[in-house]
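> The structure's right below; bear with me while I get my questions together.
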Amino acid sequence: HFVLPSRGESSTSPTKTRTLLIGSLICVIGIMPYVVFDVVGIQNTAARFSVMAPFILYLFRTFEAAAGFVPKGADESFSRYCTYFATPAEVLFEQRVTRKEMIQSSMDVIKCAAIMSIVCTILSPSGYTPFGAISAGEFYEPVTVENYLNPRHLGNCFAIAFFFQSGLALGTAAIGNLVQILTGYKVLRGMNNPMLEATSPSDFWGKRWNLLVHVVLKRGVYKPVRRYASALIASLAVFVASGLFHEWVVHAVFLYNKQSEGVVLGSNTAFFVWNFVVIACERMLVATKGVQSLKKVLPRFMVTVMIIMSSLPAAHWFGGPYLNGNFFSDYEIFVPMIRKM
């Protein structure tokens with residue numbers, strides 16, 4: 001709250017005191033997860049990931065506060081801003097949650113938990129490579145069409161991507177439901193079935209996938225950069241920032257005081273830069289007659305398949321550290337599953 005620009009102060013020219021405070025907060029937020037791991041002695045990678053999640057939000061909420069892009073209603077009072085900043089959800093202070101919405105939210109949590117249980121039950125016996133272990137190569141190795149478009153590779157990538165969609169949907173739904181109960185305000189839904197319903201790359205990343213992170217990146221990175229640069233450069237900044245904070249997660253979860261073979265830094269950033277290229281291509285082609293004609297002729301599910309295929313060949317760049325770092329087996333500890341005896 002003290003990082004917010006005061007009245008009459010330009011958010012583009014912060015005072016030295018505020019600049020020092022912003023830098024100090026960023027350093028503290030960056031270090032705190034490691035302190036928690038050491039103090040509590042957390043080795044389970046899924047538990048570490050859960051600890052990292054709120055600190056990611058704190059980091060970008062610090063950026064957005066420094067730039068003066070706090071969401072409407074959050075800065076009306078000190079107590080309300082503390083609620084907003086500390087809550088691992090996107091609280092919509094302008095909307096009170098109704099009883100009907102609370103019931104629906106609770107049902108969503110149950111639904112997400114059931115889906116996650118089914119996903120783990122199906123994928124666990126194969127070690128989360130249902131189509132057999134196959135490596136398309138690391139991000140720094142030569143890209144070959146034969147490996148990246150191998151149906152088995154694509155199948156494994158889709159399985160892991162769907163696992164992440166289901167896991168993030170469960171996590172954001174459960175936390176959001178709890179926040180709604182405690183605050184009485186409506187919470188933004190975190191996941192909107194991007195793997196099965198996306199209609200464009202922009203729709204996938206901007207309106208469906210992990211919307212909680214999307215909104216803090218938009219306010220904490222996109223809007224500040226957009227003040228000085230084009231929309232394309234601002235989008236690049238968002239994808240690079242997304243890649244870098246995922247590298248932070250990979251280091252903290254898999255590499256800090258742990259031995260994780262096959263976990264390399266850089267692959268997550270490469271994956272998000274790949275997706276920036278996809279978004280850039282979309283912006284150039286979306287208005288062309290050919291693309292518009294295809295969208296009219298093709299069934300919606302085929303459009304979704306084409307959208308997913310624009311990123312799926314390189315999805316192992318993102319999922320590789322989690323697969324090699326035994327994240328999925330650690331996650332299973334917290335999920336009820338059906339196992340063959």
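Here's how to read the names in the structure tokens: chain A, B, ... by the order shown, residue numbers from 1 in each chain, ligand numbers from 1 in the order shown.
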Just the residues within 10 Å of range 229-237 of chain A, please, counting only C-alpha atoms, with nothing from its chain fewer than 4 positions along; format it as a PDB file with N, CA, C and O atoms, in the first residue's frame.


```
ATOM      1  N   LEU A 217      -0.039 -10.029 -14.642  1.00  0.00           N
ATOM      2  CA  LEU A 217       0.951  -9.727 -15.686  1.00  0.00           C
ATOM      3  C   LEU A 217       0.497  -8.546 -16.542  1.00  0.00           C
ATOM      4  O   LEU A 217       1.314  -7.704 -16.937  1.00  0.00           O
ATOM      5  N   LYS A 218      -0.781  -8.468 -16.793  1.00  0.00           N
ATOM      6  CA  LYS A 218      -1.306  -7.364 -17.600  1.00  0.00           C
ATOM      7  C   LYS A 218      -1.093  -6.027 -16.894  1.00  0.00           C
ATOM      8  O   LYS A 218      -0.647  -5.049 -17.501  1.00  0.00           O
ATOM      9  N   VAL A 221       3.073  -5.747 -15.904  1.00  0.00           N
ATOM     10  CA  VAL A 221       4.084  -5.737 -16.963  1.00  0.00           C
ATOM     11  C   VAL A 221       3.557  -5.063 -18.234  1.00  0.00           C
ATOM     12  O   VAL A 221       4.148  -4.102 -18.728  1.00  0.00           O
ATOM     13  N   TYR A 222       2.437  -5.567 -18.760  1.00  0.00           N
ATOM     14  CA  TYR A 222       1.956  -5.079 -20.053  1.00  0.00           C
ATOM     15  C   TYR A 222       1.658  -3.574 -20.036  1.00  0.00           C
ATOM     16  O   TYR A 222       2.162  -2.816 -20.884  1.00  0.00           O
ATOM     17  N   LYS A 223       0.839  -3.141 -19.101  1.00  0.00           N
ATOM     18  CA  LYS A 223       0.439  -1.728 -19.078  1.00  0.00           C
ATOM     19  C   LYS A 223       1.609  -0.779 -18.825  1.00  0.00           C
ATOM     20  O   LYS A 223       1.716   0.259 -19.502  1.00  0.00           O
ATOM     21  N   PRO A 224       2.506  -1.088 -17.878  1.00  0.00           N
ATOM     22  CA  PRO A 224       3.660  -0.198 -17.698  1.00  0.00           C
ATOM     23  C   PRO A 224       4.546  -0.099 -18.941  1.00  0.00           C
ATOM     24  O   PRO A 224       5.003   0.992 -19.303  1.00  0.00           O
ATOM     25  N   VAL A 225       4.790  -1.239 -19.601  1.00  0.00           N
ATOM     26  CA  VAL A 225       5.622  -1.225 -20.808  1.00  0.00           C
ATOM     27  C   VAL A 225       4.887  -0.514 -21.948  1.00  0.00           C
ATOM     28  O   VAL A 225       5.505   0.204 -22.746  1.00  0.00           O
ATOM     29  N   ALA A 241       8.572 -12.075 -19.179  1.00  0.00           N
ATOM     30  CA  ALA A 241       8.370 -12.043 -17.724  1.00  0.00           C
ATOM     31  C   ALA A 241       7.761 -13.346 -17.238  1.00  0.00           C
ATOM     32  O   ALA A 241       8.153 -13.876 -16.182  1.00  0.00           O
ATOM     33  N   SER A 242       6.822 -13.880 -18.001  1.00  0.00           N
ATOM     34  CA  SER A 242       6.216 -15.157 -17.647  1.00  0.00           C
ATOM     35  C   SER A 242       7.250 -16.266 -17.655  1.00  0.00           C
ATOM     36  O   SER A 242       7.299 -17.112 -16.750  1.00  0.00           O
ATOM     37  N   GLY A 243       8.102 -16.269 -18.671  1.00  0.00           N
ATOM     38  CA  GLY A 243       9.161 -17.272 -18.728  1.00  0.00           C
ATOM     39  C   GLY A 243      10.122 -17.161 -17.568  1.00  0.00           C
ATOM     40  O   GLY A 243      10.497 -18.162 -16.954  1.00  0.00           O
ATOM     41  N   PHE A 272       7.776 -19.851 -23.592  1.00  0.00           N
ATOM     42  CA  PHE A 272       6.931 -18.660 -23.642  1.00  0.00           C
ATOM     43  C   PHE A 272       7.335 -17.720 -24.780  1.00  0.00           C
ATOM     44  O   PHE A 272       6.475 -17.042 -25.353  1.00  0.00           O
ATOM     45  N   VAL A 273       8.597 -17.690 -25.135  1.00  0.00           N
ATOM     46  CA  VAL A 273       9.008 -16.910 -26.302  1.00  0.00           C
ATOM     47  C   VAL A 273       8.419 -17.528 -27.571  1.00  0.00           C
ATOM     48  O   VAL A 273       7.971 -16.814 -28.477  1.00  0.00           O
ATOM     49  N   ASN A 275       5.620 -19.010 -27.754  1.00  0.00           N
ATOM     50  CA  ASN A 275       4.208 -18.621 -27.793  1.00  0.00           C
ATOM     51  C   ASN A 275       4.024 -17.146 -28.128  1.00  0.00           C
ATOM     52  O   ASN A 275       2.987 -16.776 -28.694  1.00  0.00           O
ATOM     53  N   PHE A 276       5.006 -16.317 -27.791  1.00  0.00           N
ATOM     54  CA  PHE A 276       4.939 -14.928 -28.255  1.00  0.00           C
ATOM     55  C   PHE A 276       4.991 -14.882 -29.777  1.00  0.00           C
ATOM     56  O   PHE A 276       4.254 -14.111 -30.410  1.00  0.00           O
ATOM     57  N   VAL A 277       5.854 -15.700 -30.376  1.00  0.00           N
ATOM     58  CA  VAL A 277       5.947 -15.762 -31.838  1.00  0.00           C
ATOM     59  C   VAL A 277       4.607 -16.193 -32.429  1.00  0.00           C
ATOM     60  O   VAL A 277       4.148 -15.648 -33.453  1.00  0.00           O
ATOM     61  N   ILE A 279       1.646 -15.698 -31.072  1.00  0.00           N
ATOM     62  CA  ILE A 279       0.737 -14.559 -30.925  1.00  0.00           C
ATOM     63  C   ILE A 279       1.040 -13.491 -31.982  1.00  0.00           C
ATOM     64  O   ILE A 279       0.121 -12.904 -32.582  1.00  0.00           O
ATOM     65  N   ALA A 280       2.320 -13.234 -32.233  1.00  0.00           N
ATOM     66  CA  ALA A 280       2.716 -12.233 -33.239  1.00  0.00           C
ATOM     67  C   ALA A 280       2.228 -12.644 -34.626  1.00  0.00           C
ATOM     68  O   ALA A 280       1.732 -11.812 -35.401  1.00  0.00           O
ATOM     69  N   ARG A 283      -1.509 -12.054 -34.948  1.00  0.00           N
ATOM     70  CA  ARG A 283      -1.856 -10.651 -35.184  1.00  0.00           C
ATOM     71  C   ARG A 283      -1.652 -10.253 -36.645  1.00  0.00           C
ATOM     72  O   ARG A 283      -2.395  -9.425 -37.186  1.00  0.00           O
TER      73      ARG A 283
END
```

> For range 84-89 of chain A, work out the shell of residues within 6 Å, counting only C-alpha atoms and skipping chain neighbours fewer than 3 positions away, then give it as a VMD selection string.

chain A and resid 54 81 176

> Neighbours of Trp205 in chain A within 12 Å (only C-alpha atoms; same-chain residues fewer than 2 positions away dropped), as a ChimeraX atom specification?

/A:190-195,197-203,207-215,217-218,235,238-239,242,272,275-276,278-279,307-308,311

> Which residues, written as a list in words, have at least one atom at most 9 Å from Val109 in chain A, with only C-alpha atoms counted and residues fewer than 2 positions away on the same chain left out?

Gln104, Ser105, Ser106, Met107, Lys111, Cys112, Ala113, Ala114, Ala169, Leu170, Gly171, Thr172, Ala173, Ala174 and Asn177 of chain A

> So, with only C-alpha atoms as the atoms that count, which of A:Thr304, A:Thr45, A:Thr288, A:Asn324 lies closest to Val263 in chain A?

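Nearest to Val263 in chain A: A:Asn324.
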
> Give me, as a ChimeraX atom specification, all polymer residues having an atom no more than 9 Å from range 24-35 of chain A, counting only C-alpha atoms and skipping those fewer than 4 positions away in the same chain.

/A:19-20,39-40,48,51-52,55-56,58-59,62-63,248,252,256

> Would you output that residue set with N, CA, C and O atoms, as a PDB file, in the first residue's frame?


```pdb
ATOM      1  N   THR A  19      11.286   4.223  -4.621  1.00  0.00           N
ATOM      2  CA  THR A  19      12.098   3.317  -5.443  1.00  0.00           C
ATOM      3  C   THR A  19      12.852   2.328  -4.563  1.00  0.00           C
ATOM      4  O   THR A  19      12.913   1.125  -4.867  1.00  0.00           O
ATOM      5  N   LEU A  20      13.407   2.817  -3.456  1.00  0.00           N
ATOM      6  CA  LEU A  20      14.123   1.947  -2.521  1.00  0.00           C
ATOM      7  C   LEU A  20      13.181   0.933  -1.889  1.00  0.00           C
ATOM      8  O   LEU A  20      13.525  -0.245  -1.749  1.00  0.00           O
ATOM      9  N   VAL A  39      13.255 -23.298   6.594  1.00  0.00           N
ATOM     10  CA  VAL A  39      12.716 -23.297   7.955  1.00  0.00           C
ATOM     11  C   VAL A  39      11.785 -24.485   8.180  1.00  0.00           C
ATOM     12  O   VAL A  39      11.871 -25.172   9.199  1.00  0.00           O
ATOM     13  N   VAL A  40      10.916 -24.737   7.216  1.00  0.00           N
ATOM     14  CA  VAL A  40       9.939 -25.825   7.346  1.00  0.00           C
ATOM     15  C   VAL A  40      10.530 -27.161   6.911  1.00  0.00           C
ATOM     16  O   VAL A  40      10.070 -28.226   7.324  1.00  0.00           O
ATOM     17  N   ARG A  48       6.237 -27.424  -2.502  1.00  0.00           N
ATOM     18  CA  ARG A  48       7.051 -26.246  -2.816  1.00  0.00           C
ATOM     19  C   ARG A  48       6.350 -25.365  -3.847  1.00  0.00           C
ATOM     20  O   ARG A  48       6.350 -24.136  -3.739  1.00  0.00           O
ATOM     21  N   VAL A  51       3.724 -23.317  -2.245  1.00  0.00           N
ATOM     22  CA  VAL A  51       4.298 -22.210  -1.485  1.00  0.00           C
ATOM     23  C   VAL A  51       4.693 -21.069  -2.426  1.00  0.00           C
ATOM     24  O   VAL A  51       4.528 -19.884  -2.100  1.00  0.00           O
ATOM     25  N   MET A  52       5.196 -21.416  -3.605  1.00  0.00           N
ATOM     26  CA  MET A  52       5.641 -20.401  -4.564  1.00  0.00           C
ATOM     27  C   MET A  52       4.487 -19.566  -5.112  1.00  0.00           C
ATOM     28  O   MET A  52       4.664 -18.365  -5.402  1.00  0.00           O
ATOM     29  N   PHE A  55       3.683 -16.040  -3.744  1.00  0.00           N
ATOM     30  CA  PHE A  55       4.806 -15.110  -3.898  1.00  0.00           C
ATOM     31  C   PHE A  55       4.903 -14.586  -5.331  1.00  0.00           C
ATOM     32  O   PHE A  55       5.372 -13.465  -5.559  1.00  0.00           O
ATOM     33  N   ILE A  56       4.465 -15.393  -6.295  1.00  0.00           N
ATOM     34  CA  ILE A  56       4.410 -14.922  -7.686  1.00  0.00           C
ATOM     35  C   ILE A  56       3.432 -13.751  -7.791  1.00  0.00           C
ATOM     36  O   ILE A  56       3.719 -12.727  -8.414  1.00  0.00           O
ATOM     37  N   TYR A  58       2.460 -11.811  -5.289  1.00  0.00           N
ATOM     38  CA  TYR A  58       3.001 -10.669  -4.536  1.00  0.00           C
ATOM     39  C   TYR A  58       4.005  -9.886  -5.392  1.00  0.00           C
ATOM     40  O   TYR A  58       4.039  -8.651  -5.352  1.00  0.00           O
ATOM     41  N   LEU A  59       4.814 -10.609  -6.155  1.00  0.00           N
ATOM     42  CA  LEU A  59       5.831  -9.965  -6.985  1.00  0.00           C
ATOM     43  C   LEU A  59       5.196  -9.036  -8.006  1.00  0.00           C
ATOM     44  O   LEU A  59       5.552  -7.852  -8.105  1.00  0.00           O
ATOM     45  N   THR A  62       3.355  -6.065  -6.623  1.00  0.00           N
ATOM     46  CA  THR A  62       4.288  -4.988  -6.282  1.00  0.00           C
ATOM     47  C   THR A  62       4.592  -4.152  -7.523  1.00  0.00           C
ATOM     48  O   THR A  62       4.621  -2.917  -7.472  1.00  0.00           O
ATOM     49  N   PHE A  63       4.815  -4.821  -8.658  1.00  0.00           N
ATOM     50  CA  PHE A  63       5.062  -4.107  -9.913  1.00  0.00           C
ATOM     51  C   PHE A  63       3.868  -3.225 -10.288  1.00  0.00           C
ATOM     52  O   PHE A  63       4.039  -2.068 -10.682  1.00  0.00           O
ATOM     53  N   TRP A 248      12.186 -19.061 -12.134  1.00  0.00           N
ATOM     54  CA  TRP A 248      12.292 -18.888 -10.672  1.00  0.00           C
ATOM     55  C   TRP A 248      11.616 -20.052  -9.956  1.00  0.00           C
ATOM     56  O   TRP A 248      12.164 -20.633  -9.020  1.00  0.00           O
ATOM     57  N   ALA A 252      13.482 -22.863  -7.617  1.00  0.00           N
ATOM     58  CA  ALA A 252      13.094 -23.011  -6.215  1.00  0.00           C
ATOM     59  C   ALA A 252      12.510 -24.390  -5.922  1.00  0.00           C
ATOM     60  O   ALA A 252      12.805 -24.996  -4.890  1.00  0.00           O
ATOM     61  N   TYR A 256      16.750 -26.064  -5.755  1.00  0.00           N
ATOM     62  CA  TYR A 256      17.253 -25.534  -4.490  1.00  0.00           C
ATOM     63  C   TYR A 256      17.343 -26.628  -3.426  1.00  0.00           C
ATOM     64  O   TYR A 256      16.340 -27.208  -3.030  1.00  0.00           O
TER      65      TYR A 256
END
```

> DSSP on the backbone, then: every residue of range 68-269 of chain A marked strand (DSSP E), written as a PyMOL selection string.

chain A and resi 91-96+185-187

> Keeping only all heavy atoms, write those residues as a JSON list (two decimals), in the first residue's frame.


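Output file part18.json is given in full below:
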```
[["chain", "number", "residue", "atom", "x", "y", "z"],
["A", 91, "VAL", "N", -9.74, -10.76, -6.34],
["A", 91, "VAL", "CA", -11.00, -10.36, -5.70],
["A", 91, "VAL", "C", -11.64, -9.23, -6.50],
["A", 91, "VAL", "O", -10.99, -8.23, -6.81],
["A", 91, "VAL", "CB", -10.75, -9.91, -4.25],
["A", 91, "VAL", "CG1", -12.08, -9.53, -3.58],
["A", 91, "VAL", "CG2", -10.06, -11.00, -3.46],
["A", 92, "LEU", "N", -12.91, -9.40, -6.83],
["A", 92, "LEU", "CA", -13.65, -8.39, -7.59],
["A", 92, "LEU", "C", -14.46, -7.56, -6.59],
["A", 92, "LEU", "O", -15.59, -7.89, -6.25],
["A", 92, "LEU", "CB", -14.57, -9.06, -8.61],
["A", 92, "LEU", "CG", -13.89, -10.05, -9.57],
["A", 92, "LEU", "CD1", -14.91, -10.73, -10.47],
["A", 92, "LEU", "CD2", -12.81, -9.35, -10.39],
["A", 93, "PHE", "N", -13.85, -6.48, -6.09],
["A", 93, "PHE", "CA", -14.44, -5.71, -5.00],
["A", 93, "PHE", "C", -15.73, -5.01, -5.40],
["A", 93, "PHE", "O", -16.48, -4.55, -4.53],
["A", 93, "PHE", "CB", -13.43, -4.68, -4.49],
["A", 93, "PHE", "CG", -12.29, -5.30, -3.72],
["A", 93, "PHE", "CD1", -11.04, -5.44, -4.31],
["A", 93, "PHE", "CD2", -12.47, -5.76, -2.43],
["A", 93, "PHE", "CE1", -9.99, -6.01, -3.61],
["A", 93, "PHE", "CE2", -11.43, -6.33, -1.73],
["A", 93, "PHE", "CZ", -10.19, -6.46, -2.31],
["A", 94, "GLU", "N", -16.01, -4.91, -6.68],
["A", 94, "GLU", "CA", -17.23, -4.25, -7.13],
["A", 94, "GLU", "C", -18.43, -5.21, -7.17],
["A", 94, "GLU", "O", -19.55, -4.78, -7.42],
["A", 94, "GLU", "CB", -17.01, -3.67, -8.54],
["A", 94, "GLU", "CG", -15.83, -2.69, -8.64],
["A", 94, "GLU", "CD", -16.00, -1.49, -7.73],
["A", 94, "GLU", "OE1", -17.08, -0.89, -7.76],
["A", 94, "GLU", "OE2", -15.05, -1.17, -6.99],
["A", 95, "GLN", "N", -18.16, -6.49, -6.92],
["A", 95, "GLN", "CA", -19.24, -7.48, -7.04],
["A", 95, "GLN", "C", -19.33, -8.35, -5.78],
["A", 95, "GLN", "O", -18.39, -9.08, -5.46],
["A", 95, "GLN", "CB", -18.99, -8.39, -8.25],
["A", 95, "GLN", "CG", -18.89, -7.65, -9.56],
["A", 95, "GLN", "CD", -18.63, -8.59, -10.73],
["A", 95, "GLN", "OE1", -19.23, -9.66, -10.83],
["A", 95, "GLN", "NE2", -17.73, -8.19, -11.62],
["A", 96, "ARG", "N", -20.47, -8.27, -5.10],
["A", 96, "ARG", "CA", -20.72, -9.13, -3.97],
["A", 96, "ARG", "C", -21.17, -10.51, -4.47],
["A", 96, "ARG", "O", -21.94, -10.61, -5.42],
["A", 96, "ARG", "CB", -21.82, -8.55, -3.08],
["A", 96, "ARG", "CG", -21.34, -7.39, -2.21],
["A", 96, "ARG", "CD", -20.57, -7.93, -1.03],
["A", 96, "ARG", "NE", -20.09, -6.86, -0.16],
["A", 96, "ARG", "CZ", -19.42, -7.07, 0.95],
["A", 96, "ARG", "NH1", -19.14, -8.31, 1.33],
["A", 96, "ARG", "NH2", -19.01, -6.08, 1.70],
["A", 185, "TYR", "N", -16.88, -11.21, -1.31],
["A", 185, "TYR", "CA", -16.76, -10.67, -2.67],
["A", 185, "TYR", "C", -16.57, -11.79, -3.68],
["A", 185, "TYR", "O", -16.02, -12.85, -3.37],
["A", 185, "TYR", "CB", -15.56, -9.71, -2.76],
["A", 185, "TYR", "CG", -15.73, -8.44, -1.98],
["A", 185, "TYR", "CD1", -15.01, -8.23, -0.80],
["A", 185, "TYR", "CD2", -16.60, -7.44, -2.42],
["A", 185, "TYR", "CE1", -15.16, -7.05, -0.08],
["A", 185, "TYR", "CE2", -16.75, -6.26, -1.70],
["A", 185, "TYR", "CZ", -16.04, -6.08, -0.53],
["A", 185, "TYR", "OH", -16.19, -4.92, 0.19],
["A", 186, "LYS", "N", -16.99, -11.51, -4.91],
["A", 186, "LYS", "CA", -16.81, -12.47, -5.99],
["A", 186, "LYS", "C", -15.35, -12.54, -6.39],
["A", 186, "LYS", "O", -14.61, -11.57, -6.28],
["A", 186, "LYS", "CB", -17.66, -12.06, -7.20],
["A", 186, "LYS", "CG", -17.81, -13.13, -8.26],
["A", 186, "LYS", "CD", -18.80, -12.70, -9.32],
["A", 186, "LYS", "CE", -18.94, -13.76, -10.40],
["A", 186, "LYS", "NZ", -19.91, -13.35, -11.45],
["A", 187, "VAL", "N", -14.92, -13.72, -6.84],
["A", 187, "VAL", "CA", -13.53, -13.94, -7.24],
["A", 187, "VAL", "C", -13.49, -14.36, -8.71],
["A", 187, "VAL", "O", -14.35, -15.11, -9.17],
["A", 187, "VAL", "CB", -12.89, -15.02, -6.34],
["A", 187, "VAL", "CG1", -11.56, -15.50, -6.92],
["A", 187, "VAL", "CG2", -12.67, -14.50, -4.93]]
```

> So which bits of range 15-159 of chain A end up helix (DSSP H, G or I) when you DSSP the backbone, as a PyMOL selection string?

chain A and resi 16-40+45-67+78-86+99-126+145-148+151-159

> Just the number, please: distance in Å from CA of Leu323 in chain A to CA of Leu244 in chain A, one decimal.

19.1 Å

> Excluding Cys120 in chain A and residues on its chain fewer than 3 positions from it, collect all residues at most 12 Å away from it, counting only C-alpha atoms, and give them as JSON, numbers by chain.

{"A": [113, 114, 115, 116, 117, 123, 124, 125, 126, 127, 128, 129, 130, 159, 160, 162, 163, 164, 166, 167, 328, 329, 330, 331, 332, 333, 334, 335, 336, 337, 338, 339]}

> Quick one: of A:Val36, A:Leu154, A:Ala67, A:Ile42, who's nearest to Arg226 in chain A, counting only C-alpha atoms?

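Closest to Arg226 in chain A of all the choices is A:Ala67.
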
> To one decimal place in Å, what is the distance between CA of Glu64 in chain A and CA of Ile22 in chain A?

10.8 Å
